[in-house]
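**Q** Sharing a structure below in structure tokens format, with a few things to ask.
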Amino acid sequence: MAGHDAVAALVAEAVGGSRSALARLISTAERGGDDAAALEAALLPCHGESYSVGITGAPGAGKSTLASALTTELQAGGERVALLAVDPSSPLTRGAILGDRVRLQPHLGNPDVFIRSMASRGHLGGLAMATCTARRVLEACGWPLVLIETVGVGQAELDVAGATDTVLVVLNPGWGDEMQANKAGLMEIADIFVINKADRAGLEATRRDLEAAIAANAPARRPAIVETVATEGTGLDALRAAIAAHREQATASGELAQRRRARAVTELRDLARARLELALDGQLAGPAGEALAGAVTRRELDIDSAARRLVADLLNSDSQRGASRGDPEQDTP
Amino acid sequence: MSGKRILMAKTGLDGHWRGPTIVARALRDAGFEVIMIGMARPEEVVQASIDEDVDLVGLNIGGHVDVAVRAVNALNDERPDLPVFCGGVVPPHAKRRLEALGVEVYPPGSQLPDIVGAARRLTGLD
Ligand SMILES: Nc1nc2c(ncn2[C@@H]2O[C@H](COP(=O)(O)OP(=O)(O)O)[C@@H](O)[C@H]2O)c(=O)[nH]1
Ligand SMILES: [Mg+2]
């Protein structure tokens with residue numbers, strides 16, 4: 001671990017424009033642990049504000065290709081774009097092949113595009129937390145626009161995309177069957193539906209299905225529907241316009257501020273829960289936990305009273321000593 | 001869990017992507033995060049290795065030794081402590097040139113366990 005001062009120094013370097021410092025800070029966010037906590041503290045006084053756009057959908061829907069084409073489109077308008085491509089890692093080996101970058105090849109070597117592949121390393125507190133910290137690092141370093149791509153399977157991945165300012169849900173003609181499981185979740189978070197691979201058969205039917213689904217869902221604000229062919233760059237101007245329209249509307253209506261506040265509450269809850277769990281595990285492994293477990297097995301104390309005592313002890317214990325966030329393996333009590 | 005990251009790039013046009021894909025799978029199964037960027041110029045390899053904050057770079061050189069040498073030189077300039085290994089079709093004279101630059105070379109026919117072992121060693125896991 002680098003320690004508090006080293007992290008603060010790295011933040012100063014990154015904010016001063018060092019790209020390698022920025023990249024190393026994102027690694028710090030990924031690793032979690034005490035350094036990630038120090039990173040959050042060091043980022044607090046940093047200025048800068050960025051807007052985030054989530055891109056989610058089924059594997060193979062064309063999210064990476066779309067992210068690349070969207071980056072090209074935004075770049076044409078002179079915007080600097082950062083992209084976090086989040087891929088699931090194997091729960092067994094924690095290894096991963098982060099293949100998205102092959103689709104992002106047009107942006108290789110472009111100093112105004114920052115691309116970072118992140119694997120979900122099974123952090124306590126979740127992938128969402130590492131991604132949020134990474135987003136704040138980019139924000140502090142003056143990247144005005146952050147795209148976040150995640151696979152729309154599984155709640156954790158949906159949460160990541162859902163925690164952005166504008167959420168794009170990418171579908172294809174003939175969607176439905178494979179999306180069924182996650183349809184409700186995706187319907188809920190979409191600000192814009194992108195029917196990508198619009199060069200394929202079944203476009204009209206898909207659009208009708210989608211419109212019917214939106215009507216049935218009766219959301220407060222009807223998500224826009226945009227058709228694209230990401231491989232050819234078709235429809236990207238319409239997508240850029242739809243994102244701008246959503247941003248404008250959400251900003252003017254106060255929806256954006258409300259959403260960011262709700263996001264802060266969610267993040268706070270996740271982080272507090274992760275800290276509580278770690279502290280609890282520490283308590284259980286220590287002498288107090290041993291004593292309580294012994295008392296319960298000897299039937300001297302009922303399990304519920306033991307649990308209450310454990311919680312009371314936990315809340316009374318020194319909060320300074322409290323657990324840190326991140327991978328429990330990295331935390332030494 | 002290693003959490004170690006490896007960037008894989010092709011520096012030659014005729015390099016087969018199949019070879020690197022097999023190597024990438026083996027590395028993934030060994031717990032590495034493997035980032036594949038495909039065909040890339042030397043300066044692009046450097047920028048990606050910085051942005052992705054990788055611990056090791058793997059180049060598939062597919063016969064284009066000069067480009068590979070330029071990539072290695074650029075990496076050595078910008079990130080002197082970042083290890084590099086190479087695979088693909090490497091003629092003997094090229095192998096010596098690359099090795100002189102501190103690069104480990106794994107020509108076709110190299111065993112996957114050896115490559116994985118090298119990755120572990122070069123990233124400081126072993
Ligand atoms: N026909 C067609 N194919 C596309 C389009 N967009 C992406 N693809 C292809 O769909 C495949 C999956 O794309 P990718 O971006 O990796 O999908 P992801 O898994 O959602 O990130 C690739 O072979 C792309 O070339 C499109 O608009 N039309
Ligand atoms: Mg993808």
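By order of appearance in the structure tokens: chains A, B, ..., then residues from 1 within every chain, and ligands from 1 in the order shown.
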Dump as a Markdown table the rows for residues of chain A within 7 Å of ligand 1: closest atom pair and distance in Å with one decimal, only C-alpha atoms and all ligand atoms counted, ordered by chain and rising residue number.

**A**
```
| residue | atom | partner | partner_atom_place_in_ligand_line | distance |
| --- | --- | --- | --- | --- |
| A:Gly57 | CA | ligand 1 | 20 (O) | 6.5 |
| A:Ala58 | CA | ligand 1 | 20 (O) | 6.2 |
| A:Pro59 | CA | ligand 1 | 19 (O) | 4.1 |
| A:Gly60 | CA | ligand 1 | 19 (O) | 3.5 |
| A:Ala61 | CA | ligand 1 | 20 (O) | 3.9 |
| A:Gly62 | CA | ligand 1 | 17 (O) | 3.2 |
| A:Lys63 | CA | ligand 1 | 20 (O) | 3.6 |
| A:Ser64 | CA | ligand 1 | 15 (O) | 3.7 |
| A:Thr65 | CA | ligand 1 | 15 (O) | 3.7 |
| A:Leu66 | CA | ligand 1 | 15 (O) | 6.3 |
| A:Asp100 | CA | ligand 1 | 16 (O) | 6.2 |
| A:Arg103 | CA | ligand 1 | 15 (O) | 6.3 |
| A:Asn196 | CA | ligand 1 | 27 (O) | 5.0 |
| A:Lys197 | CA | ligand 1 | 27 (O) | 3.3 |
| A:Ala198 | CA | ligand 1 | 27 (O) | 6.0 |
| A:Asp199 | CA | ligand 1 | 28 (N) | 5.8 |
| A:Arg200 | CA | ligand 1 | 1 (N) | 6.3 |
| A:Thr228 | CA | ligand 1 | 27 (O) | 6.0 |
| A:Val229 | CA | ligand 1 | 27 (O) | 3.2 |
| A:Ala230 | CA | ligand 1 | 27 (O) | 4.0 |
| A:Thr231 | CA | ligand 1 | 5 (C) | 4.7 |
| A:Glu232 | CA | ligand 1 | 27 (O) | 6.8 |
```

**Q** Could you list the residues in chain B lying within 10 Å of chain A, using only C-alpha atoms, and format the result as a PyMOL selection string?

**A** chain B and resi 1-7+9+21+24-54+79

**Q** Write the residues of the preceding selection, restricted to C-alpha atoms, as a PDB file, in the first residue's frame.

**A**
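Full text of part29.pdb as output:
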```
ATOM      1  CA  MET B   1      -6.120 -13.223  -7.298  1.00  0.00           C
ATOM      2  CA  SER B   2      -3.267 -11.430  -8.968  1.00  0.00           C
ATOM      3  CA  GLY B   3      -4.867  -8.181 -10.099  1.00  0.00           C
ATOM      4  CA  LYS B   4      -1.888  -7.914 -12.462  1.00  0.00           C
ATOM      5  CA  ARG B   5      -2.630  -6.419 -15.845  1.00  0.00           C
ATOM      6  CA  ILE B   6      -1.125  -7.313 -19.201  1.00  0.00           C
ATOM      7  CA  LEU B   7      -1.485  -5.298 -22.413  1.00  0.00           C
ATOM      8  CA  ALA B   9      -0.835  -5.655 -28.958  1.00  0.00           C
ATOM      9  CA  THR B  21      -6.055 -15.058 -28.238  1.00  0.00           C
ATOM     10  CA  ALA B  24      -4.669 -14.365 -23.578  1.00  0.00           C
ATOM     11  CA  ARG B  25      -7.019 -17.131 -22.445  1.00  0.00           C
ATOM     12  CA  ALA B  26      -4.228 -18.953 -20.685  1.00  0.00           C
ATOM     13  CA  LEU B  27      -3.201 -15.747 -18.938  1.00  0.00           C
ATOM     14  CA  ARG B  28      -6.780 -15.026 -17.939  1.00  0.00           C
ATOM     15  CA  ASP B  29      -7.148 -18.519 -16.518  1.00  0.00           C
ATOM     16  CA  ALA B  30      -4.010 -17.843 -14.522  1.00  0.00           C
ATOM     17  CA  GLY B  31      -5.749 -14.820 -12.983  1.00  0.00           C
ATOM     18  CA  PHE B  32      -4.391 -11.975 -15.106  1.00  0.00           C
ATOM     19  CA  GLU B  33      -6.448  -9.131 -16.511  1.00  0.00           C
ATOM     20  CA  VAL B  34      -5.580  -9.114 -20.180  1.00  0.00           C
ATOM     21  CA  ILE B  35      -6.240  -6.040 -22.285  1.00  0.00           C
ATOM     22  CA  MET B  36      -6.166  -6.632 -26.029  1.00  0.00           C
ATOM     23  CA  ILE B  37      -5.842  -3.587 -28.248  1.00  0.00           C
ATOM     24  CA  GLY B  38      -5.179  -5.289 -31.570  1.00  0.00           C
ATOM     25  CA  MET B  39      -2.952  -3.707 -34.153  1.00  0.00           C
ATOM     26  CA  ALA B  40      -1.145  -0.659 -32.784  1.00  0.00           C
ATOM     27  CA  ARG B  41       1.708   1.695 -33.632  1.00  0.00           C
ATOM     28  CA  PRO B  42       4.586   2.071 -31.177  1.00  0.00           C
ATOM     29  CA  GLU B  43       3.329   5.355 -29.695  1.00  0.00           C
ATOM     30  CA  GLU B  44      -0.148   3.862 -29.383  1.00  0.00           C
ATOM     31  CA  VAL B  45       1.204   0.904 -27.448  1.00  0.00           C
ATOM     32  CA  VAL B  46       2.947   3.331 -25.111  1.00  0.00           C
ATOM     33  CA  GLN B  47      -0.153   5.425 -24.466  1.00  0.00           C
ATOM     34  CA  ALA B  48      -2.356   2.380 -23.908  1.00  0.00           C
ATOM     35  CA  SER B  49       0.204   0.903 -21.513  1.00  0.00           C
ATOM     36  CA  ILE B  50       0.132   4.144 -19.523  1.00  0.00           C
ATOM     37  CA  ASP B  51      -3.647   4.644 -19.547  1.00  0.00           C
ATOM     38  CA  GLU B  52      -4.329   1.028 -18.681  1.00  0.00           C
ATOM     39  CA  ASP B  53      -1.589   1.054 -16.011  1.00  0.00           C
ATOM     40  CA  VAL B  54      -0.410  -2.408 -16.973  1.00  0.00           C
ATOM     41  CA  ARG B  79       8.217   3.373 -18.940  1.00  0.00           C
TER      42      ARG B  79
END
```

**Q** Taking only C-alpha atoms and all ligand atoms into account, which of A:Gly152, A:Gly142, A:Gly32, A:Gly254 comes nearest ligand 2?

**A**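 Checking each candidate against ligand 2, we get A:Gly152 as the closest.
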
**Q** I need the residues of region 116-291 of chain A that end up classed as alpha helix (DSSP H) by DSSP on the backbone, written out as a VMD selection string.

**A** chain A and resid 127 to 140 155 to 162 183 to 189 203 to 217 236 to 253 255 to 285 287 to 291

**Q** Taking into account only C-alpha atoms, which residue in the set A:Ile214, A:Ala156, A:Ile148, A:Ala163 is nearest to Ala264 (chain A)?

**A**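 Of all the options, A:Ala163 lies closest to Ala264 (chain A).
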
**Q** Can you measure CA of Thr206 (chain A) to CA of Asn172 (chain A) for me? One decimal in Å is fine.

**A**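 Going from CA of Thr206 (chain A) over to CA of Asn172 (chain A), I get 7.8 Å.
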